[in-house]
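protein30.csv (CSV, C-alpha atoms)
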```csv
chain,number,residue,atom,x,y,z
G,7,MET,CA,12.9,52.2,34.0
G,8,ALA,CA,10.9,49.4,32.3
G,9,SER,CA,8.1,47.9,34.3
G,10,VAL,CA,7.7,44.1,34.0
G,11,ARG,CA,4.4,42.5,35.0
G,12,ARG,CA,3.5,38.8,35.0
G,13,ARG,CA,0.6,37.9,32.8
G,14,GLY,CA,0.7,34.1,33.0
G,15,PRO,CA,3.1,31.2,33.3
G,16,ASN,CA,6.4,32.4,31.8
G,17,LYS,CA,4.6,35.3,30.2
G,18,TYR,CA,5.4,39.0,31.0
G,19,GLU,CA,4.3,42.4,29.8
G,20,ILE,CA,7.1,44.9,29.4
G,21,ARG,CA,6.3,48.6,29.3
G,22,VAL,CA,8.8,51.5,28.8
G,23,TYR,CA,7.7,55.0,29.5
G,24,LEU,CA,8.7,57.3,26.5
G,25,GLY,CA,7.6,60.6,27.9
G,26,ARG,CA,4.6,62.7,26.6
G,27,ASP,CA,3.3,63.6,23.2
G,28,ALA,CA,2.4,67.1,21.9
G,29,GLN,CA,-0.9,67.0,23.7
G,30,GLY,CA,0.7,66.0,27.0
G,31,LYS,CA,-0.5,62.4,26.9
G,32,LYS,CA,1.9,59.7,28.3
G,33,LYS,CA,3.5,57.4,25.7
G,34,TYR,CA,4.6,53.8,26.3
G,35,HIS,CA,6.3,51.1,24.4
G,36,SER,CA,4.7,47.7,25.3
G,37,GLU,CA,5.5,44.1,24.3
G,38,MET,CA,4.8,40.6,25.6
G,39,PHE,CA,7.7,38.5,26.5
G,40,TYR,CA,7.8,34.7,27.0
G,41,GLY,CA,10.5,33.3,29.3
G,42,THR,CA,11.7,33.5,32.9
G,43,ARG,CA,11.4,36.5,35.1
G,44,SER,CA,15.1,37.2,35.0
G,45,GLN,CA,15.1,37.0,31.1
G,46,ALA,CA,12.1,39.4,31.1
G,47,ASP,CA,14.0,41.9,33.4
G,48,ARG,CA,17.0,41.7,31.1
G,49,ARG,CA,14.8,42.4,28.0
G,50,GLY,CA,13.3,45.4,29.8
G,51,ALA,CA,16.7,46.8,30.5
G,52,GLU,CA,17.6,46.4,26.8
G,53,LEU,CA,14.5,48.3,25.8
G,54,ASP,CA,15.4,51.0,28.3
G,55,VAL,CA,18.7,51.5,26.6
G,56,SER,CA,17.4,51.4,23.1
G,57,LEU,CA,14.3,53.5,23.5
G,58,ARG,CA,14.9,56.0,26.3
G,59,PRO,CA,18.1,58.0,25.4
G,60,ARG,CA,16.2,60.4,23.3
G,61,VAL,CA,13.9,61.4,26.2
G,62,VAL,CA,16.4,61.3,29.0
G,63,GLY,CA,18.1,64.4,27.7
G,64,PRO,CA,21.6,65.7,27.8
G,65,ARG,CA,22.0,65.4,31.6
G,66,ALA,CA,22.6,61.6,31.5
G,67,SER,CA,23.7,61.1,28.0
G,68,ALA,CA,26.5,63.6,28.3
G,69,PHE,CA,28.2,61.8,31.2
G,70,THR,CA,31.3,59.8,30.5
G,71,LEU,CA,32.6,57.4,33.1
G,72,LYS,CA,35.4,59.8,33.9
G,73,ASP,CA,32.8,62.5,34.6
G,74,TYR,CA,30.7,60.2,36.7
G,75,LEU,CA,33.5,58.7,38.7
G,76,GLU,CA,35.4,61.9,39.4
G,77,LYS,CA,32.6,64.5,39.7
G,78,ARG,CA,29.5,62.6,40.9
G,79,TRP,CA,30.2,59.3,42.6
G,80,PHE,CA,33.6,59.8,44.3
G,81,PRO,CA,32.7,63.1,46.1
G,82,ALA,CA,29.4,61.6,47.2
G,83,VAL,CA,30.9,58.6,49.0
G,84,LYS,CA,33.4,60.6,51.1
G,85,ASP,CA,31.2,60.8,54.2
G,86,THR,CA,29.8,57.3,53.9
G,87,VAL,CA,33.1,55.2,54.2
G,88,SER,CA,36.2,55.2,56.3
G,89,GLN,CA,39.2,57.3,55.5
G,90,ARG,CA,41.2,54.2,54.5
G,91,THR,CA,38.4,53.0,52.1
G,92,TYR,CA,38.1,56.5,50.7
G,93,GLU,CA,41.8,56.6,49.9
G,94,THR,CA,41.5,53.2,48.3
G,95,TYR,CA,38.6,54.3,46.1
G,96,ALA,CA,40.7,57.4,45.1
G,97,TRP,CA,43.5,55.1,43.9
G,98,HIS,CA,41.1,52.8,42.1
G,99,VAL,CA,39.5,55.7,40.3
G,100,GLN,CA,42.9,56.9,39.1
G,101,ARG,CA,43.6,53.4,37.7
G,102,LEU,CA,40.2,53.2,36.1
G,103,VAL,CA,39.9,56.5,34.3
G,104,PRO,CA,42.6,56.0,31.7
G,105,VAL,CA,41.1,52.6,30.8
G,106,ILE,CA,37.3,53.2,30.8
G,107,GLY,CA,36.9,57.0,31.3
G,108,HIS,CA,36.0,57.6,27.7
G,109,LEU,CA,33.0,55.3,27.7
G,110,GLN,CA,29.5,56.9,27.9
G,111,LEU,CA,27.6,56.2,31.1
G,112,TYR,CA,24.2,55.9,29.5
G,113,GLY,CA,23.8,52.9,27.2
G,114,LEU,CA,26.9,51.2,28.8
G,115,THR,CA,26.9,47.4,28.6
G,116,SER,CA,28.9,44.8,30.3
G,117,GLY,CA,30.5,43.9,26.9
G,118,ASP,CA,31.8,47.5,26.6
G,119,LEU,CA,33.3,47.3,30.0
G,120,GLN,CA,34.8,43.8,29.5
G,121,GLU,CA,36.5,44.9,26.4
G,122,ALA,CA,37.9,48.1,27.9
G,123,LEU,CA,39.1,46.4,31.1
G,124,LYS,CA,41.4,44.2,29.1
G,125,ASN,CA,43.8,47.2,29.3
G,126,LEU,CA,43.8,47.3,33.1
G,127,ASP,CA,47.2,46.2,34.3
G,128,GLY,CA,48.2,44.6,37.5
G,129,PRO,CA,48.1,41.3,39.4
G,130,PRO,CA,44.7,39.5,39.3
G,131,LEU,CA,43.8,40.3,42.9
G,132,THR,CA,44.5,44.0,42.4
G,133,ARG,CA,42.5,44.1,39.2
G,134,LYS,CA,39.6,42.3,40.9
G,135,LYS,CA,39.5,44.9,43.7
G,136,ILE,CA,39.6,47.8,41.3
G,137,ILE,CA,36.7,46.2,39.3
G,138,GLY,CA,34.9,45.7,42.5
G,139,THR,CA,35.1,49.4,43.2
G,140,LEU,CA,33.8,50.1,39.6
G,141,ARG,CA,30.9,47.7,40.3
G,142,THR,CA,30.0,49.6,43.5
G,143,ALA,CA,30.1,52.9,41.6
G,144,LEU,CA,27.9,51.7,38.8
G,145,ARG,CA,25.3,50.1,41.0
G,146,ARG,CA,25.0,53.4,42.7
G,147,ALA,CA,24.4,55.1,39.3
G,148,ALA,CA,21.6,52.6,38.8
G,149,GLY,CA,20.2,53.4,42.3
G,150,TRP,CA,20.3,57.1,41.4
G,151,LYS,CA,18.4,56.4,38.2
G,152,LEU,CA,21.1,57.8,36.0
G,153,ILE,CA,21.1,54.5,34.1
G,154,PRO,CA,18.3,52.0,33.9
G,155,TYR,CA,20.2,48.9,35.0
G,156,ASP,CA,23.5,47.8,36.4
G,157,PRO,CA,26.0,47.4,33.5
G,158,THR,CA,28.4,45.3,35.6
G,159,GLU,CA,25.9,42.4,35.7
G,160,GLY,CA,27.5,39.5,33.8
G,161,LEU,CA,31.0,41.1,34.0
G,162,LEU,CA,33.7,38.4,34.2
G,163,MET,CA,36.1,39.0,37.1
G,164,PRO,CA,39.8,38.1,37.0
G,165,ARG,CA,40.6,34.7,38.4
G,166,VAL,CA,42.7,35.0,41.5
G,167,PRO,CA,44.7,31.8,42.4
G,168,ARG,CA,43.8,30.9,46.0
G,169,LYS,CA,46.9,30.9,48.2
G,170,ARG,CA,46.9,29.1,51.5
G,171,PRO,CA,48.6,31.1,54.2
G,172,LYS,CA,52.0,29.9,55.3
G,173,VAL,CA,51.8,28.8,58.9
G,174,LEU,CA,54.0,27.5,61.7
G,175,ASN,CA,52.9,24.6,63.9
G,176,ARG,CA,53.0,24.7,67.7
G,177,GLU,CA,56.5,23.4,68.0
G,178,GLN,CA,57.8,25.9,65.4
G,179,MET,CA,56.1,28.8,67.2
G,180,ILE,CA,57.9,27.8,70.5
G,181,GLU,CA,61.2,27.7,68.6
G,182,LEU,CA,60.5,31.1,67.2
G,183,LEU,CA,59.7,32.5,70.6
G,184,GLU,CA,63.1,31.3,71.9
G,185,ALA,CA,64.9,32.8,68.9
G,186,LEU,CA,63.2,36.1,69.4
G,187,LYS,CA,64.2,36.6,73.0
G,188,PRO,CA,67.5,38.5,72.4
G,189,TYR,CA,65.9,41.0,70.1
G,190,LYS,CA,64.6,44.5,70.9
G,191,HIS,CA,61.2,44.0,69.6
G,192,TYR,CA,60.6,40.6,71.2
G,193,LEU,CA,57.7,41.7,73.3
G,194,ILE,CA,55.4,42.9,70.4
G,195,LEU,CA,56.1,39.7,68.4
G,196,ARG,CA,55.4,37.6,71.5
G,197,LEU,CA,52.1,39.4,71.9
G,198,LEU,CA,51.2,38.7,68.3
G,199,ILE,CA,52.1,35.0,68.8
G,200,VAL,CA,50.2,34.4,72.0
G,201,THR,CA,47.1,36.4,71.0
G,202,GLY,CA,46.8,36.3,67.2
G,203,MET,CA,46.0,40.0,67.1
G,204,ARG,CA,46.6,42.1,64.0
G,205,LEU,CA,49.8,44.1,63.9
G,206,GLY,CA,47.9,47.4,63.6
G,207,GLU,CA,46.0,46.4,66.8
G,208,ALA,CA,49.2,45.7,68.7
G,209,LEU,CA,50.8,48.9,67.6
G,210,GLY,CA,47.7,50.9,68.7
G,211,LEU,CA,47.7,49.6,72.2
G,212,LYS,CA,48.0,52.2,75.0
G,213,TRP,CA,48.8,51.4,78.6
G,214,ALA,CA,45.2,52.0,79.6
G,215,ASP,CA,44.3,48.9,77.5
G,216,VAL,CA,46.4,46.7,79.7
G,217,ASP,CA,44.7,45.6,83.0
G,218,PHE,CA,47.3,44.0,85.2
G,219,ASP,CA,44.8,43.3,87.9
G,220,GLN,CA,42.6,41.2,85.6
G,221,GLY,CA,45.4,40.0,83.5
G,222,THR,CA,43.8,41.2,80.2
G,223,ILE,CA,44.4,43.3,77.2
G,224,THR,CA,41.5,45.2,75.6
G,225,ILE,CA,41.8,46.0,71.9
G,226,ARG,CA,40.0,49.3,71.3
G,227,ARG,CA,41.7,50.8,68.2
G,228,SER,CA,44.0,50.0,65.3
G,229,ILE,CA,46.5,52.0,63.3
G,230,ASP,CA,47.2,52.3,59.6
G,231,THR,CA,50.5,50.5,59.6
G,232,ARG,CA,51.5,51.9,56.3
G,233,LYS,CA,51.2,55.6,57.4
G,234,ARG,CA,51.8,55.0,61.1
G,235,ARG,CA,48.7,56.9,62.1
G,236,PHE,CA,45.5,56.2,64.0
G,237,LYS,CA,42.3,55.5,62.1
G,238,PRO,CA,39.6,58.3,62.3
G,239,GLU,CA,37.5,58.3,65.4
G,240,GLY,CA,34.4,56.1,64.9
G,241,ASP,CA,36.4,53.6,62.8
G,242,GLU,CA,39.1,52.7,65.2
G,243,THR,CA,39.0,48.9,64.8
G,244,LYS,CA,38.7,47.0,61.5
G,245,THR,CA,35.2,45.8,62.4
G,246,PRO,CA,32.9,46.2,65.5
G,247,GLY,CA,33.8,42.6,66.4
G,248,SER,CA,37.5,43.5,66.5
G,249,GLU,CA,37.0,45.3,69.8
G,250,ARG,CA,37.6,42.6,72.3
G,251,THR,CA,39.3,41.7,75.6
G,252,ILE,CA,42.0,38.9,75.7
G,253,LYS,CA,43.2,37.0,78.7
G,254,MET,CA,47.0,37.0,78.9
G,255,ASP,CA,49.5,34.6,80.2
G,256,LYS,CA,51.7,35.5,83.2
G,257,GLU,CA,55.0,35.6,81.4
G,258,THR,CA,53.7,38.2,78.8
G,259,LEU,CA,52.1,40.2,81.6
G,260,ASP,CA,55.4,40.3,83.5
G,261,LEU,CA,57.2,41.5,80.4
G,262,LEU,CA,54.6,44.2,79.9
G,263,ALA,CA,54.9,45.3,83.5
G,264,ALA,CA,58.7,45.6,83.1
G,265,ALA,CA,58.2,47.6,79.9
G,266,LYS,CA,55.8,49.9,81.7
G,267,ARG,CA,58.2,50.5,84.5
G,268,GLU,CA,60.9,51.4,82.0
G,269,ARG,CA,58.4,53.8,80.2
G,270,LEU,CA,57.6,55.5,83.5
G,271,LYS,CA,61.3,56.3,83.9
G,272,GLN,CA,61.4,57.8,80.4
G,273,ARG,CA,58.1,59.7,80.6
G,274,THR,CA,59.7,63.1,81.1
G,275,LYS,CA,61.1,62.7,77.6
G,276,ILE,CA,57.7,62.1,76.0
G,277,LYS,CA,55.4,65.0,75.1
G,278,VAL,CA,52.6,63.7,77.2
G,279,SER,CA,51.7,64.8,80.7
G,280,PRO,CA,53.5,62.5,83.3
G,281,LEU,CA,50.2,62.0,84.9
G,282,ARG,CA,48.7,60.5,81.7
G,283,ILE,CA,50.8,57.4,81.4
G,284,ASP,CA,47.7,55.5,80.3
G,285,ASP,CA,47.5,57.6,77.1
G,286,ILE,CA,51.1,56.6,76.1
G,287,LEU,CA,51.5,53.9,73.4
G,288,VAL,CA,52.9,50.6,74.6
G,289,PHE,CA,55.1,50.3,71.4
G,290,GLY,CA,56.8,53.3,69.8
G,291,ASN,CA,58.1,56.5,71.2
G,292,GLY,CA,55.0,57.1,73.2
G,293,THR,CA,53.1,59.3,70.8
G,294,ARG,CA,54.1,57.8,67.4
G,295,PRO,CA,53.5,54.1,66.8
G,296,LEU,CA,56.4,51.8,66.1
G,297,GLY,CA,57.1,51.2,62.4
G,298,GLU,CA,56.0,47.9,60.9
G,299,ASP,CA,59.4,47.6,59.1
G,300,ALA,CA,61.1,47.2,62.4
G,301,VAL,CA,58.8,44.3,63.4
G,302,ARG,CA,59.2,42.6,60.0
G,303,LYS,CA,63.0,42.8,60.1
G,304,THR,CA,63.1,41.3,63.6
G,305,LEU,CA,60.8,38.5,62.6
G,306,ARG,CA,62.8,37.8,59.5
G,307,ARG,CA,66.1,37.6,61.5
G,308,ALA,CA,64.6,35.3,64.1
G,309,LEU,CA,63.2,32.9,61.5
G,310,LYS,CA,66.6,32.7,59.8
G,311,LYS,CA,68.3,32.2,63.2
G,312,ALA,CA,65.9,29.3,64.1
G,313,ASP,CA,66.1,27.8,60.6
G,314,LEU,CA,62.3,28.2,60.2
G,315,PRO,CA,60.3,28.8,57.0
G,316,ARG,CA,60.1,32.5,56.1
G,317,ILE,CA,56.6,33.9,56.8
G,318,ARG,CA,55.0,37.3,57.0
G,319,VAL,CA,54.0,39.0,60.2
G,320,HIS,CA,50.4,38.5,59.4
G,321,ASP,CA,51.0,34.8,59.0
G,322,LEU,CA,51.6,34.6,62.7
G,323,ARG,CA,47.9,35.3,63.1
G,324,HIS,CA,47.1,32.5,60.7
G,325,SER,CA,49.4,30.2,62.6
G,326,VAL,CA,47.6,30.9,65.9
G,327,ALA,CA,44.3,30.2,64.3
G,328,SER,CA,45.5,26.9,62.7
G,329,ILE,CA,47.0,25.7,66.0
G,330,LEU,CA,43.8,26.4,67.8
G,331,ILE,CA,41.6,24.7,65.2
G,332,ASP,CA,44.0,21.7,65.1
G,333,ALA,CA,43.6,21.5,68.9
G,334,GLY,CA,39.8,21.3,68.6
G,335,VAL,CA,39.0,24.8,70.0
G,336,PRO,CA,35.4,25.7,68.9
G,337,LEU,CA,35.3,28.0,65.9
G,338,ALA,CA,33.2,30.6,67.8
G,339,THR,CA,36.1,30.9,70.4
G,340,VAL,CA,38.7,31.2,67.6
G,341,ALA,CA,36.6,33.9,65.9
G,342,GLU,CA,36.2,35.8,69.2
G,343,LEU,CA,40.0,35.7,69.9
G,344,LEU,CA,40.9,36.9,66.4
G,345,GLY,CA,38.3,39.6,66.3
G,346,HIS,CA,36.3,38.2,63.4
G,347,SER,CA,32.9,39.8,63.0
G,348,THR,CA,31.2,36.4,62.7
G,349,PRO,CA,32.4,32.7,62.9
G,350,SER,CA,31.6,32.4,59.1
G,351,THR,CA,34.6,34.7,58.4
G,352,THR,CA,36.8,32.2,60.3
G,353,VAL,CA,35.3,29.3,58.4
G,354,SER,CA,35.9,30.9,55.0
G,355,THR,CA,39.5,31.8,55.9
G,356,TYR,CA,40.4,28.4,57.3
G,357,THR,CA,38.3,26.1,55.2
G,358,HIS,CA,41.4,24.1,54.3
G,359,LYS,CA,41.9,23.3,57.9
G,360,LEU,CA,38.3,22.2,58.4
G,361,ARG,CA,38.2,19.9,55.5
G,362,LYS,CA,40.7,17.4,56.8
G,363,ALA,CA,38.4,14.4,56.9
G,364,LYS,CA,39.2,11.0,58.3
G,365,SER,CA,40.2,8.4,55.7
G,366,ALA,CA,38.1,5.3,55.2
G,367,ALA,CA,40.8,3.2,56.9
G,368,VAL,CA,40.5,5.2,60.1
G,369,LEU,CA,36.7,4.9,60.0
G,370,LEU,CA,37.0,1.1,59.5
G,371,ASP,CA,39.5,0.9,62.3
G,372,GLY,CA,37.0,2.6,64.6
G,373,GLN,CA,34.3,0.2,63.5
G,374,ALA,CA,36.5,-2.8,64.1
G,375,ASP,CA,37.3,-1.6,67.6
G,376,ARG,CA,33.5,-1.3,68.4
G,377,GLN,CA,32.9,-4.9,67.1
G,378,ASN,CA,35.8,-6.2,69.2
G,379,THR,CA,34.2,-4.7,72.3
```
Could you express the structure from this file as structure tokens?
Amino acid sequence: MASVRRRGPNKYEIRVYLGRDAQGKKKYHSEMFYGTRSQADRRGAELDVSLRPRVVGPRASAFTLKDYLEKRWFPAVKDTVSQRTYETYAWHVQRLVPVIGHLQLYGLTSGDLQEALKNLDGPPLTRKKIIGTLRTALRRAAGWKLIPYDPTEGLLMPRVPRKRPKVLNREQMIELLEALKPYKHYLILRLLIVTGMRLGEALGLKWADVDFDQGTITIRRSIDTRKRRFKPEGDETKTPGSERTIKMDKETLDLLAAAKRERLKQRTKIKVSPLRIDDILVFGNGTRPLGEDAVRKTLRRALKKADLPRIRVHDLRHSVASILIDAGVPLATVAELLGHSTPSTTVSTYTHKLRKAKSAAVLLDGQADRQNT
């Protein structure tokens, strides 16, 4: 890789190692560059591409992106990411190979990628995520010194229209709770409404997580709602901050206690030792989680019954956050309740709620009040 050394104000020496001559002496290409450091680094990368292929040898120059993604990068990341992420990478690689797999790894430029990626189909957000995986893979190639620089630098990403989540206000949430009461899956939806937890977290609850003496629920795991299975051990919640304990209201605890009594009556039908009721799932058949479709259908019917706007199950979580922020609850408290790793995640997600500034008229009204006093 080219070395760049500062030789004065906006002056840099760029040297590229070219191997050894017949006598074993090291050979270099050197040139002086005038400009900024970032411009000098870019020039050094250009020289690497133009001067070094002949000395790198067939190992790097023979790699196509298909070879690199399928045979080198993808197998290497298996033990470094969660199973869910690994499966996502697999799908992204399948989408990328027909579009960019023919390109040579060494000498690849962002322009080459930009042109080839025009043929990548799908919604903007999907394409952005796939290109994000490609960027991760090619940065690793640069880290492994297979290529002299990151060819995704300068790559233009698809513009994703920002959509504000649909939310219900406090009064609408109360109406929804009333409409849900006759339904079989009322309890799990009530739990989502009063806690703001993720659906996967609620479906992963076991009776050991419910402390009736303390009046709390502890979130220790989450399931993959699409495949109705637990995440691999060591990656049981979305983030370390997702593991948390939530104080519950009396009505929800009473409903949970009634559900547990009913479960105890049925435990002989469940393939779990009767003495291990704590290991039985709160929602589902005891060993297999409840399907997300059942929850979605119940929510959809209740919303229609109450004549409320149609929202997704995950929008209940957004609604809880919005109601708390509107009520003036500190962001750190909201972040802790939702299981965000940092309050900054809460800020970035609910910026539209935080930017509701007072109008000039309100400020003047306040000033007039102070003057009158």
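Between atom CA of G:Asp255 and atom CA of G:Thr231 the separation is 26.0 Å.
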Would you mind listing what lies within 8 Å of G:Ala312 as number ranges by chain, with all atoms listed in the file counted and same-chain residues fewer than 6 positions away left out? G: 181-182, 185
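For the residues G:Tyr192, G:Trp79, G:Tyr34, G:Tyr18, ranking by smallest atom-to-atom distance to G:Trp150 using all atoms listed in the file places G:Trp79 first.
Distance-wise, atom CA of G:Ser44 and atom CA of G:Arg146 end up 20.5 Å apart.
With all atoms listed in the file as the atoms that count, the residue of G:Ile180, G:Leu270, G:Leu102, G:Leu123 with the shortest distance to G:Arg282 is G:Leu270.
Between atom CA of G:Tyr92 and atom CA of G:Ile225 the interatomic distance comes to 23.9 Å.
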List the spatial neighbours of G:Ile252 as number ranges by chain - criterion: any atom at most 7 Å away, all atoms listed in the file, same-chain residues fewer than 3 positions off excluded. G: 222-224, 343
Got a moment to write stretch 96-161 of chain G out with C-alpha atoms, as a tab-separated table (two decimals), in the first residue's frame?
```tsv
chain	number	residue	atom	x	y	z
G	96	ALA	CA	-26.29	-14.94	2.83
G	97	TRP	CA	-29.37	-13.42	1.23
G	98	HIS	CA	-27.51	-10.21	0.37
G	99	VAL	CA	-24.67	-12.15	-1.28
G	100	GLN	CA	-27.21	-14.05	-3.38
G	101	ARG	CA	-28.63	-10.72	-4.56
G	102	LEU	CA	-25.21	-9.18	-5.23
G	103	VAL	CA	-23.47	-11.95	-7.17
G	104	PRO	CA	-25.62	-11.77	-10.35
G	105	VAL	CA	-25.11	-7.99	-10.44
G	106	ILE	CA	-21.43	-7.46	-9.54
G	107	GLY	CA	-19.97	-10.98	-9.35
G	108	HIS	CA	-18.19	-10.62	-12.70
G	109	LEU	CA	-16.09	-7.62	-11.58
G	110	GLN	CA	-12.42	-8.14	-10.71
G	111	LEU	CA	-11.60	-7.48	-7.06
G	112	TYR	CA	-8.20	-5.92	-7.65
G	113	GLY	CA	-8.38	-2.60	-9.45
G	114	LEU	CA	-12.07	-2.20	-8.59
G	115	THR	CA	-13.28	1.40	-8.38
G	116	SER	CA	-16.38	3.00	-6.91
G	117	GLY	CA	-17.35	3.99	-10.46
G	118	ASP	CA	-17.33	0.34	-11.54
G	119	LEU	CA	-19.54	-0.57	-8.59
G	120	GLN	CA	-21.90	2.36	-9.09
G	121	GLU	CA	-22.50	1.39	-12.72
G	122	ALA	CA	-23.05	-2.30	-11.95
G	123	LEU	CA	-25.33	-1.63	-8.99
G	124	LYS	CA	-27.80	0.14	-11.27
G	125	ASN	CA	-29.06	-3.38	-12.05
G	126	LEU	CA	-29.80	-4.17	-8.38
G	127	ASP	CA	-33.57	-4.39	-8.04
G	128	GLY	CA	-35.73	-3.76	-5.02
G	129	PRO	CA	-37.08	-0.99	-2.78
G	130	PRO	CA	-34.59	1.76	-1.80
G	131	LEU	CA	-34.24	0.55	1.80
G	132	THR	CA	-33.58	-3.03	0.71
G	133	ARG	CA	-30.97	-1.93	-1.83
G	134	LYS	CA	-29.32	0.30	0.76
G	135	LYS	CA	-28.98	-2.60	3.19
G	136	ILE	CA	-27.55	-4.89	0.50
G	137	ILE	CA	-25.00	-2.26	-0.53
G	138	GLY	CA	-24.18	-1.82	3.17
G	139	THR	CA	-23.24	-5.50	3.33
G	140	LEU	CA	-21.08	-5.08	0.21
G	141	ARG	CA	-19.34	-2.13	1.85
G	142	THR	CA	-18.62	-4.24	4.95
G	143	ALA	CA	-17.18	-7.03	2.79
G	144	LEU	CA	-14.93	-4.78	0.70
G	145	ARG	CA	-13.63	-2.88	3.71
G	146	ARG	CA	-12.58	-6.26	5.07
G	147	ALA	CA	-10.78	-6.99	1.79
G	148	ALA	CA	-8.83	-3.76	2.26
G	149	GLY	CA	-8.11	-4.75	5.87
G	150	TRP	CA	-6.79	-8.11	4.66
G	151	LYS	CA	-4.56	-6.25	2.15
G	152	LEU	CA	-6.17	-8.02	-0.79
G	153	ILE	CA	-6.78	-4.58	-2.29
G	154	PRO	CA	-4.94	-1.33	-1.54
G	155	TYR	CA	-7.98	0.76	-0.59
G	156	ASP	CA	-11.71	0.62	0.02
G	157	PRO	CA	-13.46	0.84	-3.40
G	158	THR	CA	-16.81	1.74	-1.80
G	159	GLU	CA	-15.48	5.15	-0.75
G	160	GLY	CA	-17.51	7.70	-2.67
G	161	LEU	CA	-20.22	5.19	-3.55
```
